[in-house]
Each structure stands twice: as structure tokens, then as C-alpha cells.
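Contents: one structure, followed by commentary.
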Amino acid sequence: MQRASFGSKIGAILAAAGSAVGLGNIWRFPYETGSHGGAAFILIYLACVFLLGLPIMIAEFTVGRRAKASCGRAFGLLAPGTPWKWVGTLGVLSGLLILGYYSVVAGWTLEYVLVSLTNGFAGQGPEDFVASFQTFSQHPFRPLVWLLVFLLLTHFIVVKGVKDGIEKSSKVMMPVLFILILVLAGCSLSLPNAQAGLEFLLKPDFSKLDAGVFLGAMGQAFFSLSLGMGCLATYASYFSSDARLGHTALSVGFIDTLVAILAGLIIFPAAFSVGIQPDAGPSLIFITLPNVFQQAFGGIPFLSYIFSLMFYVLLALAALTSTISMHEVVTAYLNERFGWSRSRAAVCVTLFCAVTGILSSLSLGVWKTTFFGLGLFDLFDFVTAKLMLPLGGLLISLFVGWYLKRSLAYDELSNYGQLKAPYFPVYLFILRYVAPVAISLIFIHELGWL
Ligand code: TRP
């Protein structure tokens with residue numbers, strides 16, 4: 001059977017960007033930035049994206065396109081009979097663990113779509129938004145319904161297959177989302193006292209750096225770029241032979257970073273304007289944004305209504321392209337590894353994530369048990385973003401840098417000599433030395449392993 005593939009080069013870029021751009025940029029980036037002190041964190045983040053993220057992304061593309069298999073099997077195929085296959089397994093596991101709690105937040109976006117649709121934000125002020133978010137997210141039942149709705153949406157798109165589902169939806173949604181974000185950033189900057197938020201975002205104050213800042217920035221880079229779990233390797237297995245890996249990585253990295261910074265430009269001016277603390281944590285965008293919609297459109301209710309509705313719909317869709325990509329990795333793994341049909345594999349993934357999602361959601365409200373001092377939601381986030389993804393990235397860079405033949409890495413990067421790749425030595429140097437050393441040092445430094 002011929003392996004499914006993306007129809008065009010731009011389709012490949014958009015699908016990978018669709019995976020990368022999601023709640024990581026619009027929800028997680030602002031609150032990580034906010035809780036690590038602003039602009040100084042962003043500088044470290046940018047270094048992580050360009051120095052570690054992009055080379056590791058190309059490495060993932062190399063593995064996926066070369067093996068023409070989902071990440072769960074790709075390592076085993078390229079390195080038969082070696083323990084490298086566990087890198088793929090680690091990735092599948094990370095995907096499975098992220099998908100559950102990620103879908104909880106994705107579910108929240110659906111609630112906000114509904115509230116926008118029924119014009120429920122109208123006439124409310126900053127304190128009301130804080131209170132209603134708390135009531136909603138701690139409700140024992142309501143977030144669970146949205147979580148399940150979201151997982152089912154993901155499920156059906158994944159079952160429908162790669163090209164129809166993923167590529168088409170990304171092609172339309174990504175550009176629209178981008179334009180809307182630009183408009184909203186403009187609106188937010190026009191709010192009273194927006195200046196303070198802008199400074200927080202752009203003027204580095206290194207005295208604000210705290211202990212977890214490097215781990216936070218590195219974890220955020222991996223999370224936002226969808227790296228370290230073979231997600232992009234799996235997508236690359238659907239790339240055509242003339243897709244340009246370096247170029248695709250650069251485009252995806254650029255789009256992803258731009259969206260994150262723009263999200264910051266929406267959130268922080270608005271937060272400072274209405275007096276919300278930037279370190280409010282996971283609730284940050286949900287308590288800040290409704291203020292932008294209510295205050296920024298010159299008091300014209302129709303504009304507030306339409307922009308808030310469009311924004312939450314697009315945020316939900318951006319989350320959807322990301323959940324699809326995670327679900328796809330695990331489904332493809334079960335399908336290829338155990339020979340289960342795609343729909344059976346997908347059912348198992350959905351059920352598992354429904355359980356972890358429900359538990360994560362309850363841990364934000366009624367269920368108070370903590371593990372290592374963290375509720376389950378925060379624990380999943382910490383273990384995946386800050387431990388498993390960077391570890392996966394470390395292993396992937398060692399694999400491509402040291403295990404794979406140098407000529408193979410070069411052939412994939414240059415499409416068998418068709419493209420010039422003068423940066424190949426730098427790329428290889430980063431994979432061999434810079435990335436492994438940097439990731440290890442951050443682990444050692446911030447987790448106190450010395
Ligand atoms: N990058 C996505 C976001 O920013 C989330 C995501 C999708 C992801 N696939 C992933 C994160 C794989 C880590 C690994 O929302």
C-alpha cells in the first residue's frame with residue numbers, strides 16, 4: 001500500500017505549523033513568560049528555539065522522512081536491533097500524556113466559544129471574568145463535557161486520515177488565525193496603560209530571572225515547536241521527497257515564534273491595563289482576553305461580539321490541529337506496531353486520554369490530592385514539557401548526530417545533493433555537542449542533580 005502523503009510542499013509546512021501553533025503559543029507561552037519575569041525569559045526562549053529547537057526539528061524530519069514510518073517505529077527501522085527504538089516509545093508515551101491535559105484546556109476554549117456566541121461577556125468587568133473562570137474550571141462536571149467533545153472531534157479527524165483531515169483544515173485556518181491575532185494585538189496595544197505591558201514584554205530585567213527559568217524556557221520551546229516526541233518525525237514521514245527540510249523547519253520555527261510573541265502582545269498590555277497580575281498561571285489568557293474584547297472596540301457591541309467569537313473559534317481550531325498531531329502519533333504507532341486498524345487504535349487512544357484528561361481536570365477543582373507537591377494537571381505538564389520532551393530532544397540529537405551515518409544526514413538535508421546545504425557542518429556540530437551538552441546542563445542545574 002502506498003503511504004499517504006501531504007499533497008504539496010506548502011501543505012507540509014502548514015501541517016507542521018498547524019501542529020506547532022496551538023495552545024502552547026497562545027495559552028502556555030504568555031503564562032510561562034508572565035511567571036518567569038517577562039522579556040528576559042523571552043530572550044532565553046528565543047535562544048532555545050533557534051539554537052536547540054530548529055536543529056532538533058530538522059533531525060526529527062530526517063528520521064521521519066528517511067524511515068517513512070511513524071516515530072514509534074522509525075528509530076527501530078533505522079537502527080534495527082538496538083535500544084534506539086525506545087526513543088520512539090518514549091515519544092509515543094509523551095504524546096499520550098500531553099494529549100489528556102492539553103484537551104482539558106482545549107475544552108475550555110469551547111466553553112468560551114459558547115459564552116461568546118450567547119454574548120455572555122457583555123456588560124461584565126475584570127473581576128467578573130476572574131470569578132466566572134474560577135467557577136467554570138473548578139466545576140466538577142462542565143469542563144469534562146467539553147473535554148470529551150474536544151477529544152471526539154480530534155478522534156474523528158484522525159480516523160478520517162491524513163490528507164483530507166489535517167492538510168485541508170490547516171490550509172484555511174492558519175492564515176485566518178494569523179490575521180485575527182494581528183488585529184487583536186493592535187486593539188490590545190490601544191488600551192489605556194498598555195505601555196506597562198509592552199515594557200514587561202520587551203524590556204529585559206535580568207534581576208527578575210528566577211531558579212526555574214532555563215528549564216521553563218527550554219520546556220516551552222520544545223512544547224511550542226511540538227518537538228521531542230517524534231510528532232514532527234511522524235509528519236515528516238508524510239513529506240514528499242522534494243520537501244526541503246531546512247526550509248520547512250525555519251518556516252515553522254518562524255511562524256510559531258511570531259504567533260507566540262504576538263500572543264504576548266495581546267495579553268500583557270491588556271493584563272496591565274486592567275490590573276491582572278502577569279503571573280496568574282494557566283488562567284491568564286482566560287481572565288485577560290475577555291477584557292480586550294469588551295474594552296477595545298470603542299464600545300461598539302457588535303464588534304466585541306464578532307471578534308470574541310472569531311477568536312475563540314480559531315483558538316479552538318488551532319488547538320485542534322495540535323491535538324490531531326499528537327493523537328496521530330499514538331494512533332499510527334498502534335496501527336503500525338500491532339497491526340490494529342486505525343479506527344481501533346484511535347479508540348484506544350481517545351479512551352486513555354479521556355481518563356487522564358478527566359483526572360487532570362478534576363485536579364484543578366474538587367480533587368485535591370497532590371503528587372510531589374503538584375496536582376495531576378501540573379504534574380503532567382511538568383513531567384512532559386520539562387522532562388520528557390527535552391530528554392526526547394537530547395536522544396534525537398544524539399541519534400542523528402552520532403548514530404546515523406553522516407552521509408545519510410546530509411542526503412536528507414540536501415535532498416540527495418539537489419539543494420545546497422552549506423550550514424550542514426554547523427547543524428551537525430549542534431546536534432553532536434551543543435544540544436546534548438546544553439540540555440544536560442539545564443537538567444543538572446535546574447533539577448539539582450549535582
Ligand atoms: N506545539 C503544540 C502547541 O503549541 C502542542 C503540541 C502538538 C505538542 N504536538 C506536540 C507539544 C508534540 C509537544 C509535542 O500547542
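By order in the C-alpha cells, chains are A, B, ...; within a chain, residues start at 1; ligands start at 1, following the order shown.
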Write out as a PyMOL selection string each polymer residue whose atoms come within 8 Å of Leu202 of chain A, counting only C-alpha atoms; drop sequence neighbours fewer than 4 positions from it. chain A and resi 38-39+198
Secondary structure check, helix (DSSP H, G or I) residues of segment 188-364 of chain A, as JSON, numbers by chain: {"A": [188, 189, 194, 195, 196, 197, 198, 199, 200, 201, 202, 206, 207, 208, 213, 214, 215, 216, 217, 218, 219, 220, 221, 222, 223, 224, 231, 232, 233, 234, 235, 236, 245, 246, 247, 248, 249, 250, 251, 252, 253, 254, 255, 256, 257, 258, 259, 260, 261, 262, 263, 264, 265, 266, 267, 268, 269, 270, 271, 272, 273, 274, 281, 282, 283, 284, 285, 286, 287, 288, 289, 290, 291, 292, 293, 294, 295, 301, 302, 303, 304, 305, 306, 307, 308, 309, 310, 311, 312, 313, 314, 315, 316, 317, 318, 319, 320, 321, 322, 323, 324, 325, 326, 327, 328, 329, 330, 331, 332, 333, 334, 335, 336, 337, 338, 342, 343, 344, 345, 346, 347, 348, 349, 350, 351, 352, 353, 354, 355, 356, 357, 358, 359, 360, 361, 362]}
Neighbours of ligand 1 at 7 Å or closer, counting only C-alpha atoms and all ligand atoms: which residues, as a PDB file with N, CA, C and O atoms, in the first residue's frame?
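Below is the file pocket-v3.pdb, written as the result:
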```
ATOM      1  N   SER A  19       0.545  21.870  13.643  1.00  0.00           N
ATOM      2  CA  SER A  19       0.850  21.121  14.858  1.00  0.00           C
ATOM      3  C   SER A  19       1.532  22.029  15.876  1.00  0.00           C
ATOM      4  O   SER A  19       1.208  22.027  17.055  1.00  0.00           O
ATOM      5  N   ALA A  20       2.466  22.844  15.382  1.00  0.00           N
ATOM      6  CA  ALA A  20       3.253  23.657  16.305  1.00  0.00           C
ATOM      7  C   ALA A  20       2.437  24.789  16.919  1.00  0.00           C
ATOM      8  O   ALA A  20       2.512  25.041  18.118  1.00  0.00           O
ATOM      9  N   VAL A  21       1.660  25.473  16.089  1.00  0.00           N
ATOM     10  CA  VAL A  21       0.897  26.602  16.618  1.00  0.00           C
ATOM     11  C   VAL A  21      -0.348  26.083  17.312  1.00  0.00           C
ATOM     12  O   VAL A  21      -1.146  25.372  16.718  1.00  0.00           O
ATOM     13  N   GLY A  22      -0.486  26.427  18.564  1.00  0.00           N
ATOM     14  CA  GLY A  22      -1.651  25.933  19.294  1.00  0.00           C
ATOM     15  C   GLY A  22      -1.714  26.598  20.649  1.00  0.00           C
ATOM     16  O   GLY A  22      -1.229  27.722  20.837  1.00  0.00           O
ATOM     17  N   LEU A  23      -2.255  25.886  21.603  1.00  0.00           N
ATOM     18  CA  LEU A  23      -2.360  26.447  22.946  1.00  0.00           C
ATOM     19  C   LEU A  23      -0.987  26.758  23.527  1.00  0.00           C
ATOM     20  O   LEU A  23      -0.847  27.637  24.374  1.00  0.00           O
ATOM     21  N   GLY A  24       0.030  26.046  23.046  1.00  0.00           N
ATOM     22  CA  GLY A  24       1.391  26.309  23.507  1.00  0.00           C
ATOM     23  C   GLY A  24       1.778  27.760  23.286  1.00  0.00           C
ATOM     24  O   GLY A  24       2.403  28.376  24.144  1.00  0.00           O
ATOM     25  N   ASN A  25       1.409  28.303  22.142  1.00  0.00           N
ATOM     26  CA  ASN A  25       1.764  29.691  21.846  1.00  0.00           C
ATOM     27  C   ASN A  25       0.849  30.681  22.540  1.00  0.00           C
ATOM     28  O   ASN A  25       1.298  31.694  23.055  1.00  0.00           O
ATOM     29  N   GLY A  95       3.391  11.832  24.043  1.00  0.00           N
ATOM     30  CA  GLY A  95       2.202  12.300  23.327  1.00  0.00           C
ATOM     31  C   GLY A  95       0.939  11.923  24.063  1.00  0.00           C
ATOM     32  O   GLY A  95       0.017  12.726  24.243  1.00  0.00           O
ATOM     33  N   PHE A 222      10.388  23.380  23.425  1.00  0.00           N
ATOM     34  CA  PHE A 222      10.040  22.047  22.921  1.00  0.00           C
ATOM     35  C   PHE A 222       8.531  21.901  22.776  1.00  0.00           C
ATOM     36  O   PHE A 222       8.030  21.397  21.786  1.00  0.00           O
ATOM     37  N   PHE A 223       7.829  22.363  23.793  1.00  0.00           N
ATOM     38  CA  PHE A 223       6.374  22.208  23.775  1.00  0.00           C
ATOM     39  C   PHE A 223       5.774  22.961  22.595  1.00  0.00           C
ATOM     40  O   PHE A 223       4.959  22.456  21.837  1.00  0.00           O
ATOM     41  N   SER A 224       6.216  24.203  22.434  1.00  0.00           N
ATOM     42  CA  SER A 224       5.601  25.041  21.422  1.00  0.00           C
ATOM     43  C   SER A 224       5.937  24.573  20.016  1.00  0.00           C
ATOM     44  O   SER A 224       5.119  24.679  19.108  1.00  0.00           O
ATOM     45  N   LEU A 225       7.160  24.061  19.827  1.00  0.00           N
ATOM     46  CA  LEU A 225       7.538  23.607  18.487  1.00  0.00           C
ATOM     47  C   LEU A 225       7.088  22.167  18.219  1.00  0.00           C
ATOM     48  O   LEU A 225       7.404  21.606  17.180  1.00  0.00           O
ATOM     49  N   SER A 226       6.384  21.559  19.140  1.00  0.00           N
ATOM     50  CA  SER A 226       5.965  20.149  19.013  1.00  0.00           C
ATOM     51  C   SER A 226       7.160  19.213  18.902  1.00  0.00           C
ATOM     52  O   SER A 226       7.128  18.229  18.180  1.00  0.00           O
ATOM     53  N   LEU A 227       8.228  19.528  19.615  1.00  0.00           N
ATOM     54  CA  LEU A 227       9.458  18.748  19.463  1.00  0.00           C
ATOM     55  C   LEU A 227       9.674  17.750  20.579  1.00  0.00           C
ATOM     56  O   LEU A 227       9.147  17.904  21.670  1.00  0.00           O
ATOM     57  N   GLY A 228      10.498  16.751  20.280  1.00  0.00           N
ATOM     58  CA  GLY A 228      10.987  15.877  21.326  1.00  0.00           C
ATOM     59  C   GLY A 228      10.123  14.650  21.557  1.00  0.00           C
ATOM     60  O   GLY A 228      10.416  13.843  22.426  1.00  0.00           O
ATOM     61  N   MET A 229       9.032  14.523  20.803  1.00  0.00           N
ATOM     62  CA  MET A 229       8.249  13.291  20.953  1.00  0.00           C
ATOM     63  C   MET A 229       8.018  12.618  19.608  1.00  0.00           C
ATOM     64  O   MET A 229       7.212  11.705  19.499  1.00  0.00           O
ATOM     65  N   CYS A 231       6.645  13.874  17.025  1.00  0.00           N
ATOM     66  CA  CYS A 231       5.431  14.330  16.366  1.00  0.00           C
ATOM     67  C   CYS A 231       5.768  14.814  14.964  1.00  0.00           C
ATOM     68  O   CYS A 231       5.156  14.417  13.964  1.00  0.00           O
ATOM     69  N   ALA A 319      -5.970  24.666  18.543  1.00  0.00           N
ATOM     70  CA  ALA A 319      -5.752  23.575  19.491  1.00  0.00           C
ATOM     71  C   ALA A 319      -6.051  22.238  18.817  1.00  0.00           C
ATOM     72  O   ALA A 319      -5.360  21.239  19.025  1.00  0.00           O
ATOM     73  N   SER A 322      -3.339  20.836  16.787  1.00  0.00           N
ATOM     74  CA  SER A 322      -2.274  20.295  17.631  1.00  0.00           C
ATOM     75  C   SER A 322      -2.681  18.963  18.258  1.00  0.00           C
ATOM     76  O   SER A 322      -1.878  18.022  18.302  1.00  0.00           O
ATOM     77  N   THR A 323      -3.916  18.882  18.730  1.00  0.00           N
ATOM     78  CA  THR A 323      -4.311  17.594  19.329  1.00  0.00           C
ATOM     79  C   THR A 323      -4.330  16.501  18.257  1.00  0.00           C
ATOM     80  O   THR A 323      -3.953  15.365  18.531  1.00  0.00           O
ATOM     81  N   SER A 325      -2.288  16.234  15.846  1.00  0.00           N
ATOM     82  CA  SER A 325      -0.928  15.767  15.589  1.00  0.00           C
ATOM     83  C   SER A 325      -0.452  14.816  16.683  1.00  0.00           C
ATOM     84  O   SER A 325       0.255  13.851  16.419  1.00  0.00           O
ATOM     85  N   MET A 326      -0.862  15.071  17.924  1.00  0.00           N
ATOM     86  CA  MET A 326      -0.444  14.159  18.996  1.00  0.00           C
ATOM     87  C   MET A 326      -1.176  12.835  18.898  1.00  0.00           C
ATOM     88  O   MET A 326      -0.603  11.754  19.046  1.00  0.00           O
ATOM     89  N   LEU A 389      10.048  15.813  27.025  1.00  0.00           N
ATOM     90  CA  LEU A 389      10.339  16.384  25.706  1.00  0.00           C
ATOM     91  C   LEU A 389      11.817  16.753  25.549  1.00  0.00           C
ATOM     92  O   LEU A 389      12.439  16.379  24.552  1.00  0.00           O
TER      93      LEU A 389
END
```
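The nearest approach to Leu317 of chain A among the residues A:Arg142, A:Lys171, A:Lys420, A:Arg65, with only C-alpha atoms taken into account, belongs to A:Lys171.
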Which of these residues is nearest to Leu258 of chain A, using only C-alpha atoms: A:Val329, A:Leu182, A:Leu93, A:Ile358? A:Leu182
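Excluding segment 193-195 of chain A itself and any same-chain residue fewer than 5 positions from it, the protein and nucleic acid residues within 7 Å of it, counting only C-alpha atoms, are Pro269, Ala270, Phe272 and Ser273 of chain A.
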Could you take the residues named above and write them with N, CA, C and O atoms, as a PDB file, in the first residue's frame?
```pdb
ATOM      1  N   PRO A 269      -0.251  43.822  27.451  1.00  0.00           N
ATOM      2  CA  PRO A 269      -0.832  45.168  27.545  1.00  0.00           C
ATOM      3  C   PRO A 269      -2.215  45.114  28.180  1.00  0.00           C
ATOM      4  O   PRO A 269      -2.556  45.932  29.044  1.00  0.00           O
ATOM      5  N   ALA A 270      -3.009  44.098  27.795  1.00  0.00           N
ATOM      6  CA  ALA A 270      -4.362  44.005  28.347  1.00  0.00           C
ATOM      7  C   ALA A 270      -4.322  43.702  29.839  1.00  0.00           C
ATOM      8  O   ALA A 270      -5.045  44.305  30.635  1.00  0.00           O
ATOM      9  N   PHE A 272      -1.941  44.335  32.075  1.00  0.00           N
ATOM     10  CA  PHE A 272      -1.516  45.505  32.848  1.00  0.00           C
ATOM     11  C   PHE A 272      -2.583  46.579  32.836  1.00  0.00           C
ATOM     12  O   PHE A 272      -2.760  47.301  33.815  1.00  0.00           O
ATOM     13  N   SER A 273      -3.276  46.669  31.724  1.00  0.00           N
ATOM     14  CA  SER A 273      -4.296  47.701  31.620  1.00  0.00           C
ATOM     15  C   SER A 273      -5.424  47.508  32.637  1.00  0.00           C
ATOM     16  O   SER A 273      -5.910  48.464  33.223  1.00  0.00           O
TER      17      SER A 273
END
```
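The gap separating atom CA of Thr331 of chain A from atom CA of Ala345 of chain A is 5.3 Å, in Å to one decimal.
Here atom CA of Lys386 of chain A stands at a distance of 6.4 Å from atom CA of Leu215 of chain A.
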Between atom CA of Ala243 of chain A and atom CA of Lys9 of chain A, what distance in Å does the model show, to one decimal? 5.7 Å
Pick out the residues sitting within 12 Å of Phe178 of chain A, and hand them over as a VMD selection string; count only C-alpha atoms, and ignore anything fewer than 4 positions along from it in its own chain. chain A and resid 17 to 18 21 to 22 26 170 to 174 182 to 185 255 to 256 258 to 263 310 to 311 314 to 315 318
So that I can check the surroundings of Leu447 of chain A, please list as a ChimeraX atom specification every protein, DNA and RNA residue that reaches within 10 Å of it, counting only C-alpha atoms and ignoring chain neighbours fewer than 5 positions away. /A:211-212,215,387,441-442
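Nearest residue to Phe214 of chain A among A:Gly125, A:Gly197, A:Gly76, A:Pro390 is A:Pro390, counting only C-alpha atoms.
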From the list A:Trp27, A:Phe156, A:Phe129, A:Trp402, which residue is nearest Asn291 of chain A when using only C-alpha atoms? A:Phe129
Might you pull out every residue within 8 Å of Ile58 of chain A, with only C-alpha atoms counted and same-chain residues fewer than 3 positions away left off, and present them as number ranges by chain? A: 54-55, 61-62, 245-246, 249, 413
If you keep N, CA and C atoms, can you produce a file of those selected residues as a compact mmCIF listing (two decimals), in the first residue's frame?
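Done, and the output landed in again.txt:
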```txt
# COMPACT_ATOMS: atom_id res chain seq x y z
N LEU A 54 15.48 24.42 16.28
CA LEU A 54 15.50 24.21 14.83
C LEU A 54 16.37 23.03 14.40
N PRO A 55 17.60 22.91 14.92
CA PRO A 55 18.38 21.73 14.53
C PRO A 55 17.69 20.41 14.92
N PHE A 61 12.74 15.62 11.35
CA PHE A 61 12.30 15.47 9.95
C PHE A 61 13.12 14.38 9.25
N THR A 62 14.43 14.41 9.51
CA THR A 62 15.33 13.44 8.87
C THR A 62 14.92 12.01 9.22
N LEU A 245 13.83 20.18 4.00
CA LEU A 245 13.73 20.04 5.46
C LEU A 245 14.18 21.30 6.21
N GLY A 246 15.33 21.85 5.79
CA GLY A 246 15.84 23.03 6.48
C GLY A 246 14.88 24.20 6.35
N ALA A 249 11.75 23.66 8.44
CA ALA A 249 11.99 23.89 9.87
C ALA A 249 12.05 25.38 10.17
N LEU A 413 19.14 16.27 4.26
CA LEU A 413 19.12 17.72 4.34
C LEU A 413 19.19 18.36 2.96
```
